[in-house]
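Step one of this worksheet: look at the structure below.
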Amino acid sequence: QGHLVESGGGLTQPGGSLNLTCVASGINGRLYRMGWYRQAPEKQRELVAYITQTGIVNYGDSVAGRVTISRDTRKNTVYLQMNSLTPDDTAVYYCYVLSATTYWGQGTQVTVSS
């Protein structure tokens with residue numbers, strides 16, 4: 001049974017940076033995509049970024065230019081570097097993996113506040 005463990009969330013001030021990590025385990029088959037969605041209170045879940053097995057990346061419009069996604073295929077790990085954070089980035093960030101099915105992490109809270 002697939003399992004995703006996220007880490008790296010927390011509190012930072014506007015203009016700050018945070019790095020998120022997600023480690024996947026127990027997933028049989030290829031990990032076609034690894035990435036992140038986020039959900040703020042009373043808002044729909046939105047794409048932050050994903051990266052494919054071949055290294056193709058896609059970023060959500062609201063974060064493009066401020067975040068960088070990368071992955072270590074051998075470690076089944078995906079990283080999200082976030083810079084120039086604003087209060088609008090406050091949300092629960094969910095890691096996901098697209099394989100034969102889709103797996104989701106429990107989520108990690110990111111809070112941007114002065």
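How things are named: the first chain in the structure tokens is A, the next is B, and so on; residues count from 1 in each chain; ligands count from 1 in the order shown.
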Would you kindly return, as a VMD selection string, each protein, DNA or RNA residue with an atom no farther than 12 Å from any atom of Thr54 of chain A, considering only C-alpha atoms and excluding same-chain residues fewer than 4 positions away? chain A and resid 30 to 34 50 70 to 73
Using only C-alpha atoms, determine which residues lie at most 12 Å from Arg45 of chain A, disregarding the query and same-chain residues fewer than 6 positions distant; provide the list as a VMD selection string. chain A and resid 36 to 39 60 91 to 95 107
Apply DSSP to the backbone of this structure and, from segment 5-101 of chain A, keep only the residues in strand (DSSP E); write these as a PyMOL selection string. chain A and resi 5-7+10-12+18-25+33-39+46-52+57-59+67-72+77-82+91-98
Quick one: residues within 9 Å of segment 81-89 of chain A, only C-alpha atoms counted, chain neighbours fewer than 5 positions away excluded, as a list of chain:residue names?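 After dropping sequence-adjacent residues, the list is A:Thr12, A:Gln13, A:Pro14, A:Gly15, A:Gly16, A:Ser17, A:Leu18, A:Asn19, A:Leu20, A:Thr21, A:Arg38, A:Ala40, A:Ser62, A:Val63, A:Gly65, A:Arg66, A:Val67, A:Thr68, A:Ile69, A:Ser70, A:Val110, A:Thr111, A:Val112, A:Ser113, A:Ser114.
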Between A:Leu80, A:Leu11, A:Ala24, A:Val48, which has the minimum distance to Ser99 of chain A (counting only C-alpha atoms)? A:Ala24
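Atom CA of Asp61 of chain A sits 25.7 Å away from atom CA of Asn76 of chain A.
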Would you please give, as a ChimeraX atom specification, all residues of chain A that DSSP assigns to helix (DSSP H, G or I) based on the backbone? /A:73-75,87-89
Can you spit out the residues from that selection as a PDB file, in the first residue's frame, using N, CA and C atoms?
```pdb
ATOM      1  N   THR A  73      14.516  10.434  -8.309  1.00  0.00           N
ATOM      2  CA  THR A  73      13.785   9.244  -8.721  1.00  0.00           C
ATOM      3  C   THR A  73      14.224   8.012  -7.938  1.00  0.00           C
ATOM      4  N   ARG A  74      15.504   7.929  -7.652  1.00  0.00           N
ATOM      5  CA  ARG A  74      16.003   6.752  -6.936  1.00  0.00           C
ATOM      6  C   ARG A  74      15.469   6.685  -5.522  1.00  0.00           C
ATOM      7  N   LYS A  75      15.204   7.845  -4.936  1.00  0.00           N
ATOM      8  CA  LYS A  75      14.716   7.898  -3.565  1.00  0.00           C
ATOM      9  C   LYS A  75      13.201   8.067  -3.495  1.00  0.00           C
ATOM     10  N   PRO A  87       1.082  35.993   2.289  1.00  0.00           N
ATOM     11  CA  PRO A  87      -0.015  35.401   3.068  1.00  0.00           C
ATOM     12  C   PRO A  87      -0.981  34.578   2.212  1.00  0.00           C
ATOM     13  N   ASP A  88      -1.087  34.897   0.932  1.00  0.00           N
ATOM     14  CA  ASP A  88      -1.954  34.123   0.045  1.00  0.00           C
ATOM     15  C   ASP A  88      -1.445  32.699  -0.189  1.00  0.00           C
ATOM     16  N   ASP A  89      -0.224  32.442   0.183  1.00  0.00           N
ATOM     17  CA  ASP A  89       0.320  31.085   0.054  1.00  0.00           C
ATOM     18  C   ASP A  89      -0.017  30.212   1.254  1.00  0.00           C
TER      19      ASP A  89
END
```
Considering only C-alpha atoms, can you say which of A:Gly29, A:Thr108, A:Tyr103, A:Pro41 comes closest to Gly2 of chain A?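 For Gly2 of chain A, the nearest of the given residues is A:Tyr103.
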Contacts of Gln1 of chain A at 12 Å or less, counting only C-alpha atoms, minus same-chain residues fewer than 3 places along, as a list in words?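 Listing them by chain and then by number gives Leu4, Ala24, Ser25, Gly26, Ile27, Asn28, Gly29, Thr101, Thr102, Tyr103 and Trp104 of chain A.
In this model, the gap between atom CA of Asn58 of chain A and atom CA of Gln106 of chain A comes to 22.1 Å.
A straight line drawn from atom CA of Thr77 of chain A to atom CA of Val57 of chain A is 14.8 Å long.
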